[in-house]
>>> print(open('run00.cif').read())   # mmCIF, C-alpha atoms
data_work
#
loop_
_atom_site.group_PDB
_atom_site.id
_atom_site.type_symbol
_atom_site.label_atom_id
_atom_site.label_comp_id
_atom_site.auth_asym_id
_atom_site.auth_seq_id
_atom_site.Cartn_x
_atom_site.Cartn_y
_atom_site.Cartn_z
ATOM 1 C CA MET A 209 -18.546 20.239 -12.400
ATOM 2 C CA ASN A 210 -15.271 19.845 -10.515
ATOM 3 C CA ASP A 211 -12.322 21.246 -12.469
ATOM 4 C CA VAL A 212 -9.231 19.007 -12.312
ATOM 5 C CA VAL A 213 -5.854 19.350 -14.015
ATOM 6 C CA LEU A 214 -4.414 15.928 -14.860
ATOM 7 C CA ILE A 215 -0.635 16.148 -15.264
ATOM 8 C CA ASP A 216 0.971 14.356 -18.216
ATOM 9 C CA ALA A 217 4.612 13.642 -17.363
ATOM 10 C CA GLY A 218 5.020 11.274 -20.302
ATOM 11 C CA THR A 219 4.360 8.050 -18.376
ATOM 12 C CA GLY A 220 1.266 6.128 -17.394
ATOM 13 C CA ASN A 221 -2.160 5.298 -18.710
ATOM 14 C CA LEU A 222 -3.651 8.735 -18.247
ATOM 15 C CA ARG A 223 -6.781 7.906 -20.209
ATOM 16 C CA SER A 224 -8.019 5.453 -17.565
ATOM 17 C CA VAL A 225 -7.429 7.992 -14.782
ATOM 18 C CA GLN A 226 -9.188 10.683 -16.800
ATOM 19 C CA LYS A 227 -12.204 8.483 -17.472
ATOM 20 C CA ALA A 228 -12.441 7.498 -13.797
ATOM 21 C CA LEU A 229 -12.352 11.150 -12.698
ATOM 22 C CA GLU A 230 -14.954 12.112 -15.283
ATOM 23 C CA SER A 231 -17.218 9.294 -14.139
ATOM 24 C CA VAL A 232 -17.384 10.847 -10.647
ATOM 25 C CA GLY A 233 -18.166 14.333 -11.936
ATOM 26 C CA ALA A 234 -14.810 15.948 -12.738
ATOM 27 C CA ASN A 235 -14.205 18.243 -15.678
ATOM 28 C CA VAL A 236 -10.664 17.134 -16.556
ATOM 29 C CA LEU A 237 -7.945 19.054 -18.392
ATOM 30 C CA ARG A 238 -5.075 16.743 -19.334
ATOM 31 C CA THR A 239 -1.891 18.726 -19.898
ATOM 32 C CA ASP A 240 1.913 18.914 -19.772
ATOM 33 C CA ASP A 241 1.836 22.727 -19.783
ATOM 34 C CA PRO A 242 3.193 24.166 -16.501
ATOM 35 C CA GLN A 243 1.099 27.331 -16.886
ATOM 36 C CA LYS A 244 -2.111 25.318 -17.059
ATOM 37 C CA VAL A 245 -1.029 23.328 -14.008
ATOM 38 C CA LEU A 246 -0.448 26.592 -12.135
ATOM 39 C CA SER A 247 -4.006 27.682 -12.902
ATOM 40 C CA GLY A 248 -5.580 24.430 -11.699
ATOM 41 C CA ARG A 249 -8.149 24.344 -8.899
ATOM 42 C CA ARG A 250 -7.303 20.694 -8.204
ATOM 43 C CA VAL A 251 -4.276 18.823 -9.537
ATOM 44 C CA VAL A 252 -3.836 15.066 -10.037
ATOM 45 C CA LEU A 253 -0.353 13.597 -10.523
ATOM 46 C CA PRO A 254 -0.549 10.002 -11.817
ATOM 47 C CA GLY A 255 2.439 7.900 -12.811
ATOM 48 C CA VAL A 256 3.784 4.436 -13.487
ATOM 49 C CA GLY A 257 7.254 3.065 -14.185
ATOM 50 C CA ALA A 258 10.566 4.044 -12.630
ATOM 51 C CA PHE A 259 10.780 6.857 -10.062
ATOM 52 C CA GLY A 260 13.809 8.504 -11.714
ATOM 53 C CA ASP A 261 12.275 8.433 -15.187
ATOM 54 C CA PHE A 262 9.072 9.934 -13.836
ATOM 55 C CA MET A 263 10.925 12.781 -12.125
ATOM 56 C CA ASP A 264 12.943 13.390 -15.306
ATOM 57 C CA GLY A 265 9.661 13.598 -17.210
ATOM 58 C CA LEU A 266 8.429 16.282 -14.831
ATOM 59 C CA ARG A 267 11.667 18.261 -15.008
ATOM 60 C CA VAL A 268 12.123 18.314 -18.788
ATOM 61 C CA ARG A 269 8.588 19.662 -19.155
ATOM 62 C CA GLY A 270 9.062 22.318 -16.480
ATOM 63 C CA LEU A 271 6.418 20.618 -14.346
ATOM 64 C CA GLU A 272 8.433 20.026 -11.168
ATOM 65 C CA SER A 273 8.403 23.669 -10.072
ATOM 66 C CA ALA A 274 4.745 24.022 -11.108
ATOM 67 C CA VAL A 275 3.705 21.079 -8.914
ATOM 68 C CA LYS A 276 5.685 22.436 -5.971
ATOM 69 C CA ASP A 277 4.148 25.861 -6.457
ATOM 70 C CA VAL A 278 0.542 24.675 -6.468
ATOM 71 C CA ALA A 279 1.198 22.493 -3.407
ATOM 72 C CA GLU A 280 2.766 25.368 -1.508
ATOM 73 C CA ARG A 281 -0.162 27.664 -2.418
ATOM 74 C CA GLY A 282 -2.619 25.200 -0.900
ATOM 75 C CA VAL A 283 -4.080 23.835 -4.138
ATOM 76 C CA PRO A 284 -5.321 20.259 -3.551
ATOM 77 C CA LEU A 285 -2.791 17.827 -5.063
ATOM 78 C CA PHE A 286 -3.396 14.079 -5.441
ATOM 79 C CA GLY A 287 -0.547 11.704 -6.331
ATOM 80 C CA ILE A 288 -1.335 8.210 -7.673
ATOM 81 C CA CYS A 289 1.145 5.280 -7.619
ATOM 82 C CA VAL A 290 4.527 6.742 -8.701
ATOM 83 C CA GLY A 291 2.803 10.105 -8.409
ATOM 84 C CA MET A 292 2.452 9.437 -4.676
ATOM 85 C CA GLN A 293 6.067 8.263 -4.453
ATOM 86 C CA ALA A 294 7.232 11.465 -6.139
ATOM 87 C CA LEU A 295 5.757 13.501 -3.271
ATOM 88 C CA PHE A 296 8.577 12.274 -1.005
ATOM 89 C CA ASP A 297 12.200 13.373 -0.647
ATOM 90 C CA VAL A 298 14.093 10.499 -2.269
ATOM 91 C CA GLY A 299 13.422 7.414 -4.385
ATOM 92 C CA GLU A 300 15.888 4.513 -4.378
ATOM 93 C CA GLU A 301 14.894 2.882 -7.671
ATOM 94 C CA MET A 302 18.004 2.323 -9.836
ATOM 95 C CA GLY A 303 20.070 4.691 -7.691
ATOM 96 C CA GLN A 304 18.972 7.615 -5.565
ATOM 97 C CA HIS A 305 16.795 10.257 -7.164
ATOM 98 C CA ALA A 306 15.407 13.435 -5.639
ATOM 99 C CA GLY A 307 11.632 13.644 -5.420
ATOM 100 C CA LEU A 308 9.441 16.692 -4.992
ATOM 101 C CA GLY A 309 10.194 16.902 -1.269
ATOM 102 C CA LEU A 310 6.624 17.798 -0.328
ATOM 103 C CA LEU A 311 6.447 15.016 2.278
ATOM 104 C CA PRO A 312 9.407 13.827 4.367
ATOM 105 C CA GLY A 313 10.378 10.230 3.661
ATOM 106 C CA ARG A 314 11.913 7.767 1.220
ATOM 107 C CA VAL A 315 10.750 5.288 -1.415
ATOM 108 C CA VAL A 316 12.416 1.885 -0.979
ATOM 109 C CA HIS A 317 12.352 -1.572 -2.577
ATOM 110 C CA PHE A 318 10.470 -4.527 -1.163
ATOM 111 C CA GLN A 319 12.875 -6.990 0.439
ATOM 112 C CA LYS A 320 12.807 -10.605 -0.716
ATOM 113 C CA MET A 321 10.611 -12.632 1.618
ATOM 114 C CA PRO A 322 9.216 -16.185 1.394
ATOM 115 C CA GLY A 323 5.914 -16.235 -0.469
ATOM 116 C CA ILE A 324 6.194 -12.597 -1.561
ATOM 117 C CA LYS A 325 6.408 -11.876 -5.267
ATOM 118 C CA ILE A 326 7.867 -8.619 -6.523
ATOM 119 C CA PRO A 327 6.325 -6.521 -7.966
ATOM 120 C CA HIS A 328 3.305 -6.403 -5.707
ATOM 121 C CA THR A 329 0.600 -6.854 -8.338
ATOM 122 C CA GLY A 330 -3.080 -7.453 -7.740
ATOM 123 C CA TRP A 331 -5.785 -6.887 -5.156
ATOM 124 C CA ASN A 332 -5.009 -6.250 -1.508
ATOM 125 C CA GLN A 333 -6.763 -4.768 1.493
ATOM 126 C CA VAL A 334 -6.394 -1.287 2.895
ATOM 127 C CA GLU A 335 -6.474 -0.727 6.637
ATOM 128 C CA VAL A 336 -7.677 2.776 7.383
ATOM 129 C CA GLU A 337 -5.529 4.152 10.196
ATOM 130 C CA LYS A 338 -7.610 7.170 11.170
ATOM 131 C CA ASP A 339 -10.692 9.131 10.239
ATOM 132 C CA ALA A 340 -10.054 10.722 6.882
ATOM 133 C CA THR A 341 -12.290 12.293 4.283
ATOM 134 C CA LEU A 342 -10.420 10.410 1.546
ATOM 135 C CA PHE A 343 -11.903 7.152 2.881
ATOM 136 C CA ASN A 344 -15.442 8.341 3.616
ATOM 137 C CA GLY A 345 -17.728 5.426 2.820
ATOM 138 C CA VAL A 346 -14.805 3.002 2.417
ATOM 139 C CA LEU A 347 -14.579 0.317 5.067
ATOM 140 C CA SER A 348 -11.259 -0.741 6.518
ATOM 141 C CA GLY A 349 -10.407 -4.041 4.822
ATOM 142 C CA ALA A 350 -11.708 -2.980 1.404
ATOM 143 C CA TYR A 351 -9.771 -4.270 -1.600
ATOM 144 C CA VAL A 352 -7.911 -2.049 -4.071
ATOM 145 C CA TYR A 353 -5.542 -2.769 -6.953
ATOM 146 C CA PHE A 354 -1.743 -2.452 -6.665
ATOM 147 C CA ASN A 355 1.145 -2.715 -9.121
ATOM 148 C CA HIS A 356 4.545 -1.622 -7.759
ATOM 149 C CA SER A 357 7.972 -2.819 -6.588
ATOM 150 C CA TYR A 358 8.802 0.111 -4.301
ATOM 151 C CA TYR A 359 6.886 1.545 -1.368
ATOM 152 C CA CYS A 360 6.900 4.765 0.645
ATOM 153 C CA GLN A 361 8.381 5.172 4.112
ATOM 154 C CA PRO A 362 6.990 8.446 5.494
ATOM 155 C CA TRP A 363 9.038 9.875 8.341
ATOM 156 C CA ASN A 364 5.922 11.261 10.036
ATOM 157 C CA SER A 365 3.279 8.735 11.068
ATOM 158 C CA SER A 366 0.757 11.595 11.181
ATOM 159 C CA ASP A 367 0.909 11.721 7.358
ATOM 160 C CA VAL A 368 -0.308 8.105 7.023
ATOM 161 C CA LEU A 369 -4.017 7.628 6.285
ATOM 162 C CA ALA A 370 -4.011 3.914 5.449
ATOM 163 C CA THR A 371 -1.703 0.924 5.271
ATOM 164 C CA THR A 372 -1.643 -2.406 3.492
ATOM 165 C CA ASN A 373 0.262 -5.580 4.294
ATOM 166 C CA TYR A 374 2.463 -7.260 1.720
ATOM 167 C CA GLY A 375 5.080 -9.102 3.715
ATOM 168 C CA LEU A 376 5.156 -6.029 5.944
ATOM 169 C CA PRO A 377 2.734 -3.202 6.655
ATOM 170 C CA TYR A 378 3.439 -0.057 4.651
ATOM 171 C CA ALA A 379 1.755 3.266 3.960
ATOM 172 C CA CYS A 380 -0.584 3.030 0.980
ATOM 173 C CA ALA A 381 -2.337 6.384 1.468
ATOM 174 C CA VAL A 382 -1.086 9.682 2.861
ATOM 175 C CA ARG A 383 -2.280 13.190 3.484
ATOM 176 C CA ARG A 384 -0.777 16.387 4.795
ATOM 177 C CA GLU A 385 -3.122 19.363 4.574
ATOM 178 C CA ASN A 386 -3.806 19.834 0.823
ATOM 179 C CA ILE A 387 -1.444 17.034 -0.310
ATOM 180 C CA PHE A 388 -2.935 13.559 -0.861
ATOM 181 C CA GLY A 389 -1.463 10.347 -2.218
ATOM 182 C CA VAL A 390 -2.345 6.704 -2.793
ATOM 183 C CA GLN A 391 0.019 3.907 -3.806
ATOM 184 C CA PHE A 392 -2.740 1.808 -5.354
ATOM 185 C CA HIS A 393 -4.610 2.572 -8.572
ATOM 186 C CA PRO A 394 -8.079 3.981 -7.789
ATOM 187 C CA GLU A 395 -8.897 3.992 -11.505
ATOM 188 C CA LYS A 396 -8.505 0.184 -11.490
ATOM 189 C CA SER A 397 -10.142 -0.411 -8.095
ATOM 190 C CA GLN A 398 -13.760 -0.439 -9.240
ATOM 191 C CA LEU A 399 -16.360 1.124 -6.920
ATOM 192 C CA VAL A 400 -13.938 1.569 -4.011
ATOM 193 C CA GLY A 401 -11.486 3.476 -6.208
ATOM 194 C CA LEU A 402 -14.204 5.654 -7.670
ATOM 195 C CA ARG A 403 -15.429 6.511 -4.176
ATOM 196 C CA ILE A 404 -11.895 7.567 -3.189
ATOM 197 C CA LEU A 405 -11.601 9.801 -6.267
ATOM 198 C CA LYS A 406 -15.000 11.342 -5.486
ATOM 199 C CA ASN A 407 -13.900 11.900 -1.895
ATOM 200 C CA PHE A 408 -10.819 13.752 -3.120
ATOM 201 C CA LEU A 409 -12.972 16.034 -5.241
ATOM 202 C CA GLU A 410 -15.245 16.734 -2.302
ATOM 203 C CA ALA A 411 -12.406 17.187 0.198
ATOM 204 C CA ALA A 412 -10.769 19.577 -2.245
#
>>> encode(input="run00.cif", output="structure tokens")
Amino acid sequence: MNDVVLIDAGTGNLRSVQKALESVGANVLRTDDPQKVLSGRRVVLPGVGAFGDFMDGLRVRGLESAVKDVAERGVPLFGICVGMQALFDVGEEMGQHAGLGLLPGRVVHFQKMPGIKIPHTGWNQVEVEKDATLFNGVLSGAYVYFNHSYYCQPWNSSDVLATTNYGLPYACAVRRENIFGVQFHPEKSQLVGLRILKNFLEAA
């Protein structure tokens, strides 16, 4: 079995992420204990809601430094939705808030555009930008499920694995060495999402 630490920062439907990971062979420990995070072989950081609230949830539990530590030691880390956003330097939701700073870039709000509803909620296609183990067996153009009002702007294009188009193209999946992230919800994306979670376990 693949051992995975699932971080509980006080936000998000962790049960659905846990069940999805378990369905692809993971042995999941759900925790808000920094010491257990530090001992993880693989770490998943899921989140929903506001960027600032999510970061506050990490900090009050002593999880921020634990996440940074495991990332810097090379432990595979996978951020989902706001968990991906938190990997970046700054989030602009309801003011500016410092993120984990593991990837250079910002998290910004969708601009109002004709025909574009905010938040971006529902199924959309991913365009795989380059060969990546995270998308093994997933065709470019596959549909996944989104629910967010802010999106990531990585400074380095080399960190971008996949994009989606919602009024504009934006990064919906990233990777730098042992750090992975997806803006969409793999746990709600049926077989495609499960394949991506399985690929993370195998890549890690």
>>> resolve_selection(input="run00.cif", expression="the PyMOL selection byres ((chain A and resi 316) around 10)", output="list in words")
Gln293, Val298, Gly299, Glu300, Glu301, Gln304, Gly313, Arg314, Val315, His317, Phe318, Gln319, Ser357, Tyr358, Tyr359, Cys360 and Gln361 of chain A
>>> closest_residue(input="run00.cif", among="A:Asp216, A:Asp367, A:Asp297, A:Glu385", to="Gly255 of chain A", atoms="all atoms listed in the file")
A:Asp216
>>> atom_distance(input="run00.cif", atom1="atom CA of Trp363 of chain A", atom2="atom CA of His328 of chain A")
22.3 Å
>>> closest_residue(input="run00.cif", among="A:Ala294, A:Leu246, A:Val256, A:Val213", to="Ala234 of chain A", atoms="all atoms listed in the file")
A:Val213
>>> atom_distance(input="run00.cif", atom1="atom CA of Val368 of chain A", atom2="atom CA of Gly270 of chain A")
29.0 Å
>>> residues_around(input="run00.cif", residues="Gly323 of chain A", least_positions_apart="2", cutoff="10 Å", atoms="only C-alpha atoms", output="ChimeraX atom specification")
/A:320-321,325-326,374-375
>>> resolve_selection(input="run00.cif", expression="the PyMOL selection byres ((chain A and resi 401-412) around 9)", output="PDB file with C-alpha atoms, keeping the file's coordinate frame")
ATOM      1  CA  ASN A 210     -15.271  19.845 -10.515  1.00  0.00           C
ATOM      2  CA  ASP A 211     -12.322  21.246 -12.469  1.00  0.00           C
ATOM      3  CA  VAL A 212      -9.231  19.007 -12.312  1.00  0.00           C
ATOM      4  CA  ALA A 228     -12.441   7.498 -13.797  1.00  0.00           C
ATOM      5  CA  LEU A 229     -12.352  11.150 -12.698  1.00  0.00           C
ATOM      6  CA  SER A 231     -17.218   9.294 -14.139  1.00  0.00           C
ATOM      7  CA  VAL A 232     -17.384  10.847 -10.647  1.00  0.00           C
ATOM      8  CA  GLY A 233     -18.166  14.333 -11.936  1.00  0.00           C
ATOM      9  CA  ALA A 234     -14.810  15.948 -12.738  1.00  0.00           C
ATOM     10  CA  ARG A 249      -8.149  24.344  -8.899  1.00  0.00           C
ATOM     11  CA  ARG A 250      -7.303  20.694  -8.204  1.00  0.00           C
ATOM     12  CA  VAL A 283      -4.080  23.835  -4.138  1.00  0.00           C
ATOM     13  CA  PRO A 284      -5.321  20.259  -3.551  1.00  0.00           C
ATOM     14  CA  LEU A 285      -2.791  17.827  -5.063  1.00  0.00           C
ATOM     15  CA  PHE A 286      -3.396  14.079  -5.441  1.00  0.00           C
ATOM     16  CA  THR A 341     -12.290  12.293   4.283  1.00  0.00           C
ATOM     17  CA  LEU A 342     -10.420  10.410   1.546  1.00  0.00           C
ATOM     18  CA  PHE A 343     -11.903   7.152   2.881  1.00  0.00           C
ATOM     19  CA  ASN A 344     -15.442   8.341   3.616  1.00  0.00           C
ATOM     20  CA  GLY A 345     -17.728   5.426   2.820  1.00  0.00           C
ATOM     21  CA  VAL A 346     -14.805   3.002   2.417  1.00  0.00           C
ATOM     22  CA  VAL A 352      -7.911  -2.049  -4.071  1.00  0.00           C
ATOM     23  CA  TYR A 353      -5.542  -2.769  -6.953  1.00  0.00           C
ATOM     24  CA  ASN A 386      -3.806  19.834   0.823  1.00  0.00           C
ATOM     25  CA  PHE A 388      -2.935  13.559  -0.861  1.00  0.00           C
ATOM     26  CA  PHE A 392      -2.740   1.808  -5.354  1.00  0.00           C
ATOM     27  CA  HIS A 393      -4.610   2.572  -8.572  1.00  0.00           C
ATOM     28  CA  PRO A 394      -8.079   3.981  -7.789  1.00  0.00           C
ATOM     29  CA  GLU A 395      -8.897   3.992 -11.505  1.00  0.00           C
ATOM     30  CA  LYS A 396      -8.505   0.184 -11.490  1.00  0.00           C
ATOM     31  CA  SER A 397     -10.142  -0.411  -8.095  1.00  0.00           C
ATOM     32  CA  GLN A 398     -13.760  -0.439  -9.240  1.00  0.00           C
ATOM     33  CA  LEU A 399     -16.360   1.124  -6.920  1.00  0.00           C
ATOM     34  CA  VAL A 400     -13.938   1.569  -4.011  1.00  0.00           C
TER      35      VAL A 400
END
>>> atom_distance(input="run00.cif", atom1="atom CA of Cys380 of chain A", atom2="atom CA of Lys227 of chain A")
22.5 Å
>>> resolve_selection(input="run00.cif", expression="the PyMOL selection byres ((chain A and resi 365) around 12)", output="JSON, numbers by chain")
{"A": [311, 312, 313, 337, 338, 360, 361, 362, 363, 364, 366, 367, 368, 369, 370, 371, 378, 379, 381, 382, 383, 384]}
